[in-house]
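Student: Next comes entry.cif, mmCIF, C-alpha atoms:
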data_work
loop_
_atom_site.group_PDB
_atom_site.id
_atom_site.type_symbol
_atom_site.label_atom_id
_atom_site.label_comp_id
_atom_site.auth_asym_id
_atom_site.auth_seq_id
_atom_site.Cartn_x
_atom_site.Cartn_y
_atom_site.Cartn_z
ATOM 1 C CA TYR D 23 -12.845 0.299 17.394
ATOM 2 C CA GLN D 24 -15.744 -0.648 19.611
ATOM 3 C CA ASP D 25 -14.080 -3.923 20.625
ATOM 4 C CA ALA D 26 -11.163 -1.829 21.924
ATOM 5 C CA GLY D 27 -13.541 0.181 24.120
ATOM 6 C CA GLY D 28 -14.285 3.057 21.760
ATOM 7 C CA VAL D 29 -17.740 4.601 21.726
ATOM 8 C CA ILE D 30 -19.513 5.581 18.502
ATOM 9 C CA ARG D 31 -22.220 8.209 18.439
ATOM 10 C CA ARG D 32 -25.694 6.659 18.251
ATOM 11 C CA ASP D 33 -26.658 8.798 15.263
ATOM 12 C CA SER D 34 -23.503 7.783 13.371
ATOM 13 C CA SER D 35 -23.240 4.064 12.792
ATOM 14 C CA SER D 36 -22.713 3.633 9.058
ATOM 15 C CA VAL D 37 -20.016 1.118 8.188
ATOM 16 C CA LYS D 38 -18.397 3.618 5.793
ATOM 17 C CA ARG D 39 -18.729 6.691 7.983
ATOM 18 C CA TRP D 40 -18.992 7.036 11.733
ATOM 19 C CA GLN D 41 -18.081 9.485 14.473
ATOM 20 C CA THR D 42 -16.970 9.046 18.033
ATOM 21 C CA VAL D 43 -18.511 10.762 21.025
ATOM 22 C CA ARG D 44 -15.230 12.704 21.352
ATOM 23 C CA GLY D 45 -15.363 14.260 17.868
ATOM 24 C CA GLY D 46 -13.178 11.831 15.961
ATOM 25 C CA GLY D 47 -14.379 9.468 13.325
ATOM 26 C CA MET D 48 -13.750 7.399 10.260
ATOM 27 C CA LEU D 49 -14.670 7.883 6.622
ATOM 28 C CA ALA D 50 -14.119 5.100 4.092
ATOM 29 C CA ALA D 51 -13.994 6.058 0.422
ATOM 30 C CA GLY D 52 -12.482 4.603 -2.694
ATOM 31 C CA VAL D 53 -9.463 5.898 -4.558
ATOM 32 C CA ARG D 54 -10.415 8.560 -7.114
ATOM 33 C CA VAL D 55 -13.397 9.577 -4.953
ATOM 34 C CA GLY D 56 -13.764 13.165 -3.802
ATOM 35 C CA LEU D 57 -13.109 13.975 -0.155
ATOM 36 C CA THR D 58 -14.110 17.633 -0.246
ATOM 37 C CA GLY D 59 -14.138 19.291 3.142
ATOM 38 C CA ARG D 60 -12.490 16.378 4.906
ATOM 39 C CA GLY D 61 -9.062 16.299 6.521
ATOM 40 C CA TYR D 62 -7.252 13.462 8.213
ATOM 41 C CA LEU D 63 -4.837 12.749 11.017
ATOM 42 C CA LEU D 64 -4.420 9.132 9.933
ATOM 43 C CA GLY D 65 -5.014 8.317 6.300
ATOM 44 C CA ILE D 66 -4.888 4.768 5.006
ATOM 45 C CA ILE D 67 -4.819 3.931 1.314
ATOM 46 C CA ASP D 68 -5.567 0.230 0.988
ATOM 47 C CA ASP D 69 -5.081 -1.382 -2.431
ATOM 48 C CA PRO D 70 -5.527 1.652 -4.700
ATOM 49 C CA VAL D 71 -5.409 -0.612 -7.768
ATOM 50 C CA ARG D 72 -8.262 -3.072 -8.165
ATOM 51 C CA ASP D 73 -6.480 -5.743 -10.187
ATOM 52 C CA GLN D 74 -3.699 -6.523 -12.644
ATOM 53 C CA GLN D 75 -5.651 -5.140 -15.592
ATOM 54 C CA ASP D 76 -5.979 -1.730 -13.919
ATOM 55 C CA ALA D 77 -2.340 -1.868 -12.822
ATOM 56 C CA GLN D 78 -1.237 -2.353 -16.420
ATOM 57 C CA SER D 79 -3.275 0.649 -17.592
ATOM 58 C CA PRO D 80 -1.214 3.865 -17.842
ATOM 59 C CA THR D 81 -4.506 5.791 -17.726
ATOM 60 C CA VAL D 82 -5.570 4.218 -14.431
ATOM 61 C CA ARG D 83 -2.111 4.663 -12.892
ATOM 62 C CA GLU D 84 -2.025 8.332 -13.919
ATOM 63 C CA SER D 85 -5.510 8.955 -12.558
ATOM 64 C CA ILE D 86 -4.486 7.467 -9.190
ATOM 65 C CA LYS D 87 -1.408 9.709 -9.116
ATOM 66 C CA ALA D 88 -3.539 12.749 -9.976
ATOM 67 C CA TRP D 89 -6.044 11.842 -7.243
ATOM 68 C CA TYR D 90 -3.198 11.379 -4.775
ATOM 69 C CA ARG D 91 -1.695 14.808 -5.603
ATOM 70 C CA SER D 92 -4.875 16.866 -5.858
ATOM 71 C CA VAL D 93 -7.265 15.162 -3.435
ATOM 72 C CA TRP D 94 -5.464 12.913 -0.973
ATOM 73 C CA THR D 95 -2.436 14.998 0.009
ATOM 74 C CA THR D 96 -4.427 18.226 0.128
ATOM 75 C CA ARG D 97 -6.560 16.746 2.931
ATOM 76 C CA GLN D 98 -3.543 15.762 5.023
ATOM 77 C CA THR D 99 -3.065 17.766 8.220
ATOM 78 C CA PRO D 100 0.521 18.801 9.086
ATOM 79 C CA THR D 101 0.906 16.113 11.769
ATOM 80 C CA ALA D 102 -0.945 13.384 9.889
ATOM 81 C CA ALA D 103 0.338 9.871 9.440
ATOM 82 C CA MET D 104 -0.225 8.139 6.131
ATOM 83 C CA VAL D 105 -0.211 4.404 5.461
ATOM 84 C CA ILE D 106 -0.237 2.828 2.027
ATOM 85 C CA VAL D 107 -0.946 -0.882 1.847
ATOM 86 C CA GLN D 108 -0.931 -2.435 -1.571
ATOM 87 C CA THR D 109 -0.108 -5.315 -3.805
ATOM 88 C CA ARG D 110 2.805 -4.282 -6.015
ATOM 89 C CA TRP D 111 1.172 -5.109 -9.380
ATOM 90 C CA HIS D 112 3.353 -2.760 -11.421
ATOM 91 C CA GLU D 113 6.724 -1.088 -11.010
ATOM 92 C CA GLU D 114 5.100 2.338 -11.577
ATOM 93 C CA ASP D 115 2.158 1.792 -9.208
ATOM 94 C CA LEU D 116 1.440 4.291 -6.422
ATOM 95 C CA ALA D 117 4.170 2.952 -4.113
ATOM 96 C CA GLY D 118 6.711 2.705 -6.934
ATOM 97 C CA TRP D 119 5.911 6.221 -8.118
ATOM 98 C CA LEU D 120 6.110 7.672 -4.596
ATOM 99 C CA LEU D 121 9.483 6.023 -3.989
ATOM 100 C CA ALA D 122 10.793 7.333 -7.331
ATOM 101 C CA GLU D 123 9.498 10.814 -6.436
ATOM 102 C CA GLU D 124 11.221 10.549 -3.054
ATOM 103 C CA VAL D 125 14.618 10.705 -4.754
ATOM 104 C CA GLN D 126 13.632 13.787 -6.799
ATOM 105 C CA ARG D 127 12.004 15.853 -4.050
ATOM 106 C CA GLN D 128 13.668 18.767 -2.324
ATOM 107 C CA TYR D 129 11.543 17.937 0.727
ATOM 108 C CA PRO D 130 11.238 14.140 0.769
ATOM 109 C CA GLU D 131 8.379 12.454 2.579
ATOM 110 C CA ARG D 132 10.811 10.189 4.455
ATOM 111 C CA TRP D 133 8.643 7.103 4.135
ATOM 112 C CA THR D 134 8.988 4.129 6.415
ATOM 113 C CA VAL D 135 8.996 1.064 4.180
ATOM 114 C CA LEU D 136 7.819 -2.333 5.338
ATOM 115 C CA SER D 137 8.064 -4.918 2.581
ATOM 116 C CA MET D 138 7.307 -8.470 3.599
ATOM 117 C CA PRO D 139 7.865 -10.961 0.789
ATOM 118 C CA ALA D 140 6.348 -14.421 1.136
ATOM 119 C CA ILE D 141 9.875 -15.843 1.086
ATOM 120 C CA SER D 142 12.715 -13.786 2.522
ATOM 121 C CA GLU D 143 15.414 -12.895 0.015
ATOM 122 C CA ALA D 144 19.117 -12.214 0.505
ATOM 123 C CA ASP D 145 19.092 -9.438 -2.088
ATOM 124 C CA ALA D 146 16.447 -7.149 -0.599
ATOM 125 C CA PRO D 147 15.222 -4.308 -2.828
ATOM 126 C CA LYS D 148 16.960 -0.942 -2.485
ATOM 127 C CA PHE D 149 14.960 2.073 -1.317
ATOM 128 C CA PRO D 150 15.801 5.790 -1.296
ATOM 129 C CA SER D 151 18.226 6.819 1.448
ATOM 130 C CA SER D 152 15.648 9.228 2.893
ATOM 131 C CA CYS D 153 13.423 6.256 3.750
ATOM 132 C CA THR D 154 13.529 4.172 6.894
ATOM 133 C CA VAL D 155 13.423 0.527 5.896
ATOM 134 C CA VAL D 156 12.108 -1.977 8.418
ATOM 135 C CA SER D 157 14.475 -4.885 8.107
ATOM 136 C CA ASP D 158 13.257 -8.405 7.542
ATOM 137 C CA TRP D 159 14.171 -10.485 10.584
ATOM 138 C CA ARG D 160 14.097 -13.765 8.676
ATOM 139 C CA GLU D 161 16.960 -15.671 7.132
ATOM 140 C CA PRO D 162 16.933 -15.825 3.304
ATOM 141 C CA GLY D 163 14.570 -18.562 2.140
ATOM 142 C CA GLU D 164 12.309 -18.448 5.201
ATOM 143 C CA ALA D 165 8.558 -18.216 4.672
ATOM 144 C CA LEU D 166 6.717 -15.232 6.108
ATOM 145 C CA CYS D 167 4.043 -17.259 7.831
ATOM 146 C CA PRO D 168 5.216 -20.887 7.766
ATOM 147 C CA GLU D 169 2.454 -22.118 10.059
ATOM 148 C CA HIS D 170 -0.090 -21.211 7.363
ATOM 149 C CA PHE D 171 1.913 -21.017 4.140
ATOM 150 C CA GLY D 172 4.865 -23.381 4.289
ATOM 151 C CA LYS D 173 7.751 -23.588 1.829
ATOM 152 C CA GLU D 174 6.224 -26.505 -0.063
ATOM 153 C CA TRP D 175 2.891 -24.719 -0.474
ATOM 154 C CA LEU D 176 4.669 -21.532 -1.587
ATOM 155 C CA ALA D 177 6.808 -23.460 -4.090
ATOM 156 C CA ALA D 178 3.657 -25.005 -5.578
ATOM 157 C CA LYS D 179 1.983 -21.569 -5.691
ATOM 158 C CA GLN D 180 5.021 -20.059 -7.441
ATOM 159 C CA GLU D 181 4.848 -22.792 -10.075
ATOM 160 C CA GLU D 182 1.089 -22.285 -10.434
ATOM 161 C CA VAL D 183 1.047 -18.489 -10.844
ATOM 162 C CA GLY D 184 4.300 -18.084 -12.796
ATOM 163 C CA SER D 185 7.301 -15.839 -12.254
ATOM 164 C CA TYR D 186 5.649 -12.501 -13.129
ATOM 165 C CA ASP D 187 2.716 -12.864 -10.724
ATOM 166 C CA TRP D 188 4.909 -14.502 -8.094
ATOM 167 C CA ALA D 189 7.321 -11.550 -8.068
ATOM 168 C CA SER D 190 4.477 -9.014 -7.840
ATOM 169 C CA LEU D 191 1.898 -10.685 -5.652
ATOM 170 C CA TYR D 192 4.073 -12.688 -3.298
ATOM 171 C CA GLN D 193 7.500 -11.048 -3.291
ATOM 172 C CA GLN D 194 6.485 -7.363 -3.626
ATOM 173 C CA ARG D 195 8.897 -6.640 -6.468
ATOM 174 C CA PRO D 196 6.996 -6.091 -9.692
ATOM 175 C CA ALA D 197 8.757 -6.431 -13.014
ATOM 176 C CA PRO D 198 7.800 -5.338 -16.516
ATOM 177 C CA LEU D 199 5.567 -7.825 -18.365
ATOM 178 C CA GLU D 200 8.223 -7.962 -21.057
ATOM 179 C CA GLY D 201 10.614 -9.389 -18.475
ATOM 180 C CA GLY D 202 13.143 -6.537 -18.849
#
What's the structure tokens form of this structure?
Tutor:
Amino acid sequence: YQDAGGVIRRDSSSVKRWQTVRGGGMLAAGVRVGLTGRGYLLGIIDDPVRDQQDAQSPTVRESIKAWYRSVWTTRQTPTAAMVIVQTRWHEEDLAGWLLAEEVQRQYPERWTVLSMPAISEADAPKFPSSCTVVSDWREPGEALCPEHFGKEWLAAKQEEVGSYDWASLYQQRPAPLEGG
């Protein structure tokens, strides 16, 4: 923020919480943490699930959904933008649940979906019709960032991590552990 020319109040320089001289600010808090008295114009949820073990836990997934419904969305102002960035560890993770809810809702959120697999695929995942899907500009089989992670490196990584982790961590399409 400061590198872009923004000015932070002198009495407000915590890494997790700061305010601008114009009344704006930033608060960083973990998922399942209270945000009482706080609203947002731009809310970013970054990796709500810590790891695969938490992603596989129905209890953890349900607690994240409950936090999202009762804490996160109740702090959203009417014109707020929301961004969710996450590794798709599980098909019923926050993103998966929100997309499933999108189909059921009378008033859908109308998410914009940006899914960038490590290797572009011809059979891209299907998303609810109410969503705007940012199309992948690459040809099927092209690496996302070939100058850093080329096809050979990605092929070796796929072999190393196995099909389950590859699909979740690199291709953004989680599958059940049972392989169904």
Student: Once the PyMOL selection byres ((chain D and resi 121) around 10) has been applied to the shown file, what residues remain in the selection, as a ChimeraX atom specification?
Tutor: /D:114-120,122-126,130-133,135,149-150,152-153
Student: Name the closest residue to Ala144 of chain D among the candidates D:Glu84, D:Asp25, D:Glu164, D:Glu182; distances are taken between atoms, counting all atoms listed in the file.
Tutor: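 Of D:Glu84, D:Asp25, D:Glu164, D:Glu182, the one nearest Ala144 of chain D, counting all atoms listed in the file, is D:Glu164.
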Student: Using only C-alpha atoms, which residues sit within 9 Å of segment 71-76 of chain D once same-chain residues fewer than 5 positions away are excluded, as a PyMOL selection string?
Tutor: chain D and resi 53+81-83+86+108-109+111-112+115-116
Student: Which residues, written as a list in words, have at least one atom at most 8 Å from segment 189-199 of chain D, with only C-alpha atoms counted and residues fewer than 6 positions away on the same chain left out?
Tutor: Thr109, Arg110, Trp111, His112, Glu113, Ser137, Met138, Pro139, Ala140, Ile141 and Pro147 of chain D
Student: For those residues, write C-alpha atoms to a file as a PDB file, keeping the file's coordinate frame.
Tutor:
ATOM      1  CA  THR D 109      -0.108  -5.315  -3.805  1.00  0.00           C
ATOM      2  CA  ARG D 110       2.805  -4.282  -6.015  1.00  0.00           C
ATOM      3  CA  TRP D 111       1.172  -5.109  -9.380  1.00  0.00           C
ATOM      4  CA  HIS D 112       3.353  -2.760 -11.421  1.00  0.00           C
ATOM      5  CA  GLU D 113       6.724  -1.088 -11.010  1.00  0.00           C
ATOM      6  CA  SER D 137       8.064  -4.918   2.581  1.00  0.00           C
ATOM      7  CA  MET D 138       7.307  -8.470   3.599  1.00  0.00           C
ATOM      8  CA  PRO D 139       7.865 -10.961   0.789  1.00  0.00           C
ATOM      9  CA  ALA D 140       6.348 -14.421   1.136  1.00  0.00           C
ATOM     10  CA  ILE D 141       9.875 -15.843   1.086  1.00  0.00           C
ATOM     11  CA  PRO D 147      15.222  -4.308  -2.828  1.00  0.00           C
TER      12      PRO D 147
END
Student: Identify which of the residues D:Gln128, D:Ser142, D:Gln24, D:Gln98 lies closest to Lys173 of chain D, counting all atoms listed in the file when measuring atom-to-atom distances.
Tutor: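 Selected residue with least distance to Lys173 of chain D: D:Ser142.
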Student: For the file shown, what are the residues hit by the PyMOL selection byres ((chain D and resi 66) around 7), laid out as a VMD selection string?
Tutor: chain D and resid 64 to 65 67 to 68 104 to 106
Student: Print the selection's residues with C-alpha atoms to a file, as a compact mmCIF listing (two decimals), in the coordinates of the input.
Tutor:
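That gives us result.txt:
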# COMPACT_ATOMS: atom_id res chain seq x y z
CA LEU D 64 -4.42 9.13 9.93
CA GLY D 65 -5.01 8.32 6.30
CA ILE D 67 -4.82 3.93 1.31
CA ASP D 68 -5.57 0.23 0.99
CA MET D 104 -0.22 8.14 6.13
CA VAL D 105 -0.21 4.40 5.46
CA ILE D 106 -0.24 2.83 2.03
Student: Can you tell me, as a ChimeraX atom specification, what residues are no more than 8 Å from Thr134 of chain D when counting only C-alpha atoms, ignoring any on the same chain fewer than 6 positions away?
Tutor: /D:153-156
Student: Which one is closest to Tyr90 of chain D: D:Val107, D:Leu166, D:Val55, D:Ala77? Count only C-alpha atoms.
Tutor: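 Using only C-alpha atoms, the shortest distance to Tyr90 of chain D belongs to D:Val55.
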Student: Give me the residues within 12 Å of Arg60 of chain D as a list of chain:residue names, counting all atoms listed in the file and dropping any in the same chain fewer than 6 places off.
Tutor: D:Arg39, D:Gly46, D:Gly47, D:Met48, D:Leu49, D:Ala50, D:Ala51, D:Val93, D:Trp94, D:Thr95, D:Thr96, D:Arg97, D:Gln98, D:Thr99
Student: In Å, rounded to a single decimal, give me how far atom CA of Pro162 of chain D is from atom CA of Trp175 of chain D.
Tutor: 17.0 Å
Student: Could you tell me how far atom CA of Ala88 of chain D lies from atom CA of Ser151 of chain D, in Å and to one decimal?
Tutor: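 Interatomic distance, atom CA of Ala88 of chain D to atom CA of Ser151 of chain D: 25.3 Å.
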Student: Emit a file covering segment 67-114 of chain D of the preceding structure with N, CA and C atoms, as a PDB file, in the first residue's frame.
Tutor:
ATOM      1  N   ILE D  67     -10.701 -13.624   1.580  1.00  0.00           N
ATOM      2  CA  ILE D  67     -10.484 -14.858   2.341  1.00  0.00           C
ATOM      3  C   ILE D  67      -9.379 -15.602   1.606  1.00  0.00           C
ATOM      4  N   ASP D  68      -8.260 -15.782   2.273  1.00  0.00           N
ATOM      5  CA  ASP D  68      -7.093 -16.404   1.656  1.00  0.00           C
ATOM      6  C   ASP D  68      -6.793 -17.711   2.375  1.00  0.00           C
ATOM      7  N   ASP D  69      -6.956 -18.809   1.673  1.00  0.00           N
ATOM      8  CA  ASP D  69      -6.710 -20.155   2.208  1.00  0.00           C
ATOM      9  C   ASP D  69      -7.401 -20.390   3.548  1.00  0.00           C
ATOM     10  N   PRO D  70      -8.732 -20.538   3.526  1.00  0.00           N
ATOM     11  CA  PRO D  70      -9.463 -20.765   4.778  1.00  0.00           C
ATOM     12  C   PRO D  70      -9.164 -22.114   5.429  1.00  0.00           C
ATOM     13  N   VAL D  71      -8.626 -23.047   4.670  1.00  0.00           N
ATOM     14  CA  VAL D  71      -8.276 -24.364   5.211  1.00  0.00           C
ATOM     15  C   VAL D  71      -6.756 -24.442   5.308  1.00  0.00           C
ATOM     16  N   ARG D  72      -6.277 -24.831   6.462  1.00  0.00           N
ATOM     17  CA  ARG D  72      -4.837 -24.840   6.724  1.00  0.00           C
ATOM     18  C   ARG D  72      -4.091 -25.904   5.923  1.00  0.00           C
ATOM     19  N   ASP D  73      -4.664 -27.106   5.847  1.00  0.00           N
ATOM     20  CA  ASP D  73      -3.960 -28.198   5.189  1.00  0.00           C
ATOM     21  C   ASP D  73      -4.942 -29.307   4.828  1.00  0.00           C
ATOM     22  N   GLN D  74      -4.417 -30.367   4.234  1.00  0.00           N
ATOM     23  CA  GLN D  74      -5.261 -31.471   3.785  1.00  0.00           C
ATOM     24  C   GLN D  74      -6.006 -32.132   4.948  1.00  0.00           C
ATOM     25  N   GLN D  75      -5.360 -32.254   6.076  1.00  0.00           N
ATOM     26  CA  GLN D  75      -6.002 -32.880   7.232  1.00  0.00           C
ATOM     27  C   GLN D  75      -7.253 -32.098   7.641  1.00  0.00           C
ATOM     28  N   ASP D  76      -7.146 -30.780   7.720  1.00  0.00           N
ATOM     29  CA  ASP D  76      -8.317 -29.963   8.049  1.00  0.00           C
ATOM     30  C   ASP D  76      -9.368 -30.045   6.950  1.00  0.00           C
ATOM     31  N   ALA D  77      -8.929 -30.089   5.701  1.00  0.00           N
ATOM     32  CA  ALA D  77      -9.865 -30.162   4.581  1.00  0.00           C
ATOM     33  C   ALA D  77     -10.674 -31.452   4.612  1.00  0.00           C
ATOM     34  N   GLN D  78     -10.080 -32.526   5.094  1.00  0.00           N
ATOM     35  CA  GLN D  78     -10.775 -33.800   5.157  1.00  0.00           C
ATOM     36  C   GLN D  78     -11.717 -33.897   6.370  1.00  0.00           C
ATOM     37  N   SER D  79     -11.636 -32.961   7.278  1.00  0.00           N
ATOM     38  CA  SER D  79     -12.449 -32.995   8.486  1.00  0.00           C
ATOM     39  C   SER D  79     -13.816 -32.343   8.249  1.00  0.00           C
ATOM     40  N   PRO D  80     -14.905 -33.129   8.335  1.00  0.00           N
ATOM     41  CA  PRO D  80     -16.238 -32.537   8.196  1.00  0.00           C
ATOM     42  C   PRO D  80     -16.489 -31.462   9.262  1.00  0.00           C
ATOM     43  N   THR D  81     -15.929 -31.650  10.446  1.00  0.00           N
ATOM     44  CA  THR D  81     -16.105 -30.675  11.524  1.00  0.00           C
ATOM     45  C   THR D  81     -15.468 -29.340  11.167  1.00  0.00           C
ATOM     46  N   VAL D  82     -14.256 -29.374  10.645  1.00  0.00           N
ATOM     47  CA  VAL D  82     -13.570 -28.138  10.259  1.00  0.00           C
ATOM     48  C   VAL D  82     -14.306 -27.470   9.102  1.00  0.00           C
ATOM     49  N   ARG D  83     -14.702 -28.250   8.107  1.00  0.00           N
ATOM     50  CA  ARG D  83     -15.418 -27.665   6.958  1.00  0.00           C
ATOM     51  C   ARG D  83     -16.723 -27.016   7.413  1.00  0.00           C
ATOM     52  N   GLU D  84     -17.453 -27.671   8.286  1.00  0.00           N
ATOM     53  CA  GLU D  84     -18.718 -27.105   8.780  1.00  0.00           C
ATOM     54  C   GLU D  84     -18.482 -25.846   9.606  1.00  0.00           C
ATOM     55  N   SER D  85     -17.414 -25.828  10.386  1.00  0.00           N
ATOM     56  CA  SER D  85     -17.147 -24.631  11.187  1.00  0.00           C
ATOM     57  C   SER D  85     -16.778 -23.441  10.296  1.00  0.00           C
ATOM     58  N   ILE D  86     -16.083 -23.692   9.196  1.00  0.00           N
ATOM     59  CA  ILE D  86     -15.751 -22.623   8.250  1.00  0.00           C
ATOM     60  C   ILE D  86     -17.024 -22.102   7.585  1.00  0.00           C
ATOM     61  N   LYS D  87     -17.917 -23.010   7.214  1.00  0.00           N
ATOM     62  CA  LYS D  87     -19.193 -22.582   6.620  1.00  0.00           C
ATOM     63  C   LYS D  87     -20.004 -21.757   7.622  1.00  0.00           C
ATOM     64  N   ALA D  88     -20.042 -22.203   8.865  1.00  0.00           N
ATOM     65  CA  ALA D  88     -20.787 -21.464   9.897  1.00  0.00           C
ATOM     66  C   ALA D  88     -20.175 -20.082  10.110  1.00  0.00           C
ATOM     67  N   TRP D  89     -18.853 -20.005  10.158  1.00  0.00           N
ATOM     68  CA  TRP D  89     -18.172 -18.713  10.300  1.00  0.00           C
ATOM     69  C   TRP D  89     -18.495 -17.818   9.103  1.00  0.00           C
ATOM     70  N   TYR D  90     -18.464 -18.382   7.918  1.00  0.00           N
ATOM     71  CA  TYR D  90     -18.757 -17.618   6.713  1.00  0.00           C
ATOM     72  C   TYR D  90     -20.174 -17.025   6.789  1.00  0.00           C
ATOM     73  N   ARG D  91     -21.152 -17.860   7.156  1.00  0.00           N
ATOM     74  CA  ARG D  91     -22.553 -17.407   7.217  1.00  0.00           C
ATOM     75  C   ARG D  91     -22.802 -16.400   8.323  1.00  0.00           C
ATOM     76  N   SER D  92     -22.273 -16.657   9.517  1.00  0.00           N
ATOM     77  CA  SER D  92     -22.663 -15.845  10.676  1.00  0.00           C
ATOM     78  C   SER D  92     -21.702 -14.711  11.004  1.00  0.00           C
ATOM     79  N   VAL D  93     -20.478 -14.778  10.525  1.00  0.00           N
ATOM     80  CA  VAL D  93     -19.511 -13.717  10.820  1.00  0.00           C
ATOM     81  C   VAL D  93     -19.143 -12.966   9.545  1.00  0.00           C
ATOM     82  N   TRP D  94     -18.618 -13.675   8.575  1.00  0.00           N
ATOM     83  CA  TRP D  94     -18.073 -13.032   7.381  1.00  0.00           C
ATOM     84  C   TRP D  94     -19.128 -12.257   6.588  1.00  0.00           C
ATOM     85  N   THR D  95     -20.200 -12.930   6.182  1.00  0.00           N
ATOM     86  CA  THR D  95     -21.172 -12.253   5.316  1.00  0.00           C
ATOM     87  C   THR D  95     -21.970 -11.183   6.054  1.00  0.00           C
ATOM     88  N   THR D  96     -22.052 -11.279   7.363  1.00  0.00           N
ATOM     89  CA  THR D  96     -22.793 -10.255   8.104  1.00  0.00           C
ATOM     90  C   THR D  96     -21.994  -8.974   8.256  1.00  0.00           C
ATOM     91  N   ARG D  97     -20.725  -8.984   7.903  1.00  0.00           N
ATOM     92  CA  ARG D  97     -19.882  -7.785   7.956  1.00  0.00           C
ATOM     93  C   ARG D  97     -19.757  -7.128   6.590  1.00  0.00           C
ATOM     94  N   GLN D  98     -20.305  -7.753   5.570  1.00  0.00           N
ATOM     95  CA  GLN D  98     -20.200  -7.277   4.203  1.00  0.00           C
ATOM     96  C   GLN D  98     -21.142  -6.088   3.990  1.00  0.00           C
ATOM     97  N   THR D  99     -20.608  -4.998   3.467  1.00  0.00           N
ATOM     98  CA  THR D  99     -21.455  -3.849   3.133  1.00  0.00           C
ATOM     99  C   THR D  99     -22.145  -4.130   1.794  1.00  0.00           C
ATOM    100  N   PRO D 100     -23.245  -3.453   1.493  1.00  0.00           N
ATOM    101  CA  PRO D 100     -23.995  -3.760   0.266  1.00  0.00           C
ATOM    102  C   PRO D 100     -23.193  -3.651  -1.027  1.00  0.00           C
ATOM    103  N   THR D 101     -22.199  -2.792  -1.080  1.00  0.00           N
ATOM    104  CA  THR D 101     -21.414  -2.635  -2.310  1.00  0.00           C
ATOM    105  C   THR D 101     -20.058  -3.340  -2.236  1.00  0.00           C
ATOM    106  N   ALA D 102     -19.874  -4.156  -1.239  1.00  0.00           N
ATOM    107  CA  ALA D 102     -18.575  -4.803  -1.025  1.00  0.00           C
ATOM    108  C   ALA D 102     -18.239  -5.808  -2.117  1.00  0.00           C
ATOM    109  N   ALA D 103     -16.951  -5.937  -2.343  1.00  0.00           N
ATOM    110  CA  ALA D 103     -16.418  -6.989  -3.206  1.00  0.00           C
ATOM    111  C   ALA D 103     -15.792  -8.047  -2.301  1.00  0.00           C
ATOM    112  N   MET D 104     -15.927  -9.290  -2.688  1.00  0.00           N
ATOM    113  CA  MET D 104     -15.369 -10.378  -1.912  1.00  0.00           C
ATOM    114  C   MET D 104     -14.506 -11.239  -2.830  1.00  0.00           C
ATOM    115  N   VAL D 105     -13.344 -11.619  -2.322  1.00  0.00           N
ATOM    116  CA  VAL D 105     -12.415 -12.464  -3.062  1.00  0.00           C
ATOM    117  C   VAL D 105     -12.100 -13.670  -2.195  1.00  0.00           C
ATOM    118  N   ILE D 106     -12.185 -14.841  -2.792  1.00  0.00           N
ATOM    119  CA  ILE D 106     -11.801 -16.060  -2.080  1.00  0.00           C
ATOM    120  C   ILE D 106     -10.693 -16.713  -2.887  1.00  0.00           C
ATOM    121  N   VAL D 107      -9.552 -16.874  -2.246  1.00  0.00           N
ATOM    122  CA  VAL D 107      -8.391 -17.494  -2.867  1.00  0.00           C
ATOM    123  C   VAL D 107      -8.097 -18.740  -2.049  1.00  0.00           C
ATOM    124  N   GLN D 108      -8.077 -19.880  -2.695  1.00  0.00           N
ATOM    125  CA  GLN D 108      -7.813 -21.081  -1.915  1.00  0.00           C
ATOM    126  C   GLN D 108      -7.340 -22.247  -2.755  1.00  0.00           C
ATOM    127  N   THR D 109      -6.646 -23.128  -2.094  1.00  0.00           N
ATOM    128  CA  THR D 109      -6.309 -24.417  -2.666  1.00  0.00           C
ATOM    129  C   THR D 109      -7.554 -25.281  -2.539  1.00  0.00           C
ATOM    130  N   ARG D 110      -7.937 -25.952  -3.594  1.00  0.00           N
ATOM    131  CA  ARG D 110      -9.132 -26.788  -3.587  1.00  0.00           C
ATOM    132  C   ARG D 110      -8.780 -28.181  -3.048  1.00  0.00           C
ATOM    133  N   TRP D 111      -8.654 -28.282  -1.718  1.00  0.00           N
ATOM    134  CA  TRP D 111      -8.291 -29.541  -1.060  1.00  0.00           C
ATOM    135  C   TRP D 111      -9.416 -30.568  -1.107  1.00  0.00           C
ATOM    136  N   HIS D 112     -10.646 -30.116  -1.127  1.00  0.00           N
ATOM    137  CA  HIS D 112     -11.791 -31.017  -0.963  1.00  0.00           C
ATOM    138  C   HIS D 112     -12.948 -30.509  -1.806  1.00  0.00           C
ATOM    139  N   GLU D 113     -13.734 -31.419  -2.347  1.00  0.00           N
ATOM    140  CA  GLU D 113     -14.843 -31.001  -3.202  1.00  0.00           C
ATOM    141  C   GLU D 113     -15.934 -30.233  -2.444  1.00  0.00           C
ATOM    142  N   GLU D 114     -15.981 -30.363  -1.120  1.00  0.00           N
ATOM    143  CA  GLU D 114     -16.959 -29.627  -0.315  1.00  0.00           C
ATOM    144  C   GLU D 114     -16.287 -28.550   0.532  1.00  0.00           C
TER     145      GLU D 114
END
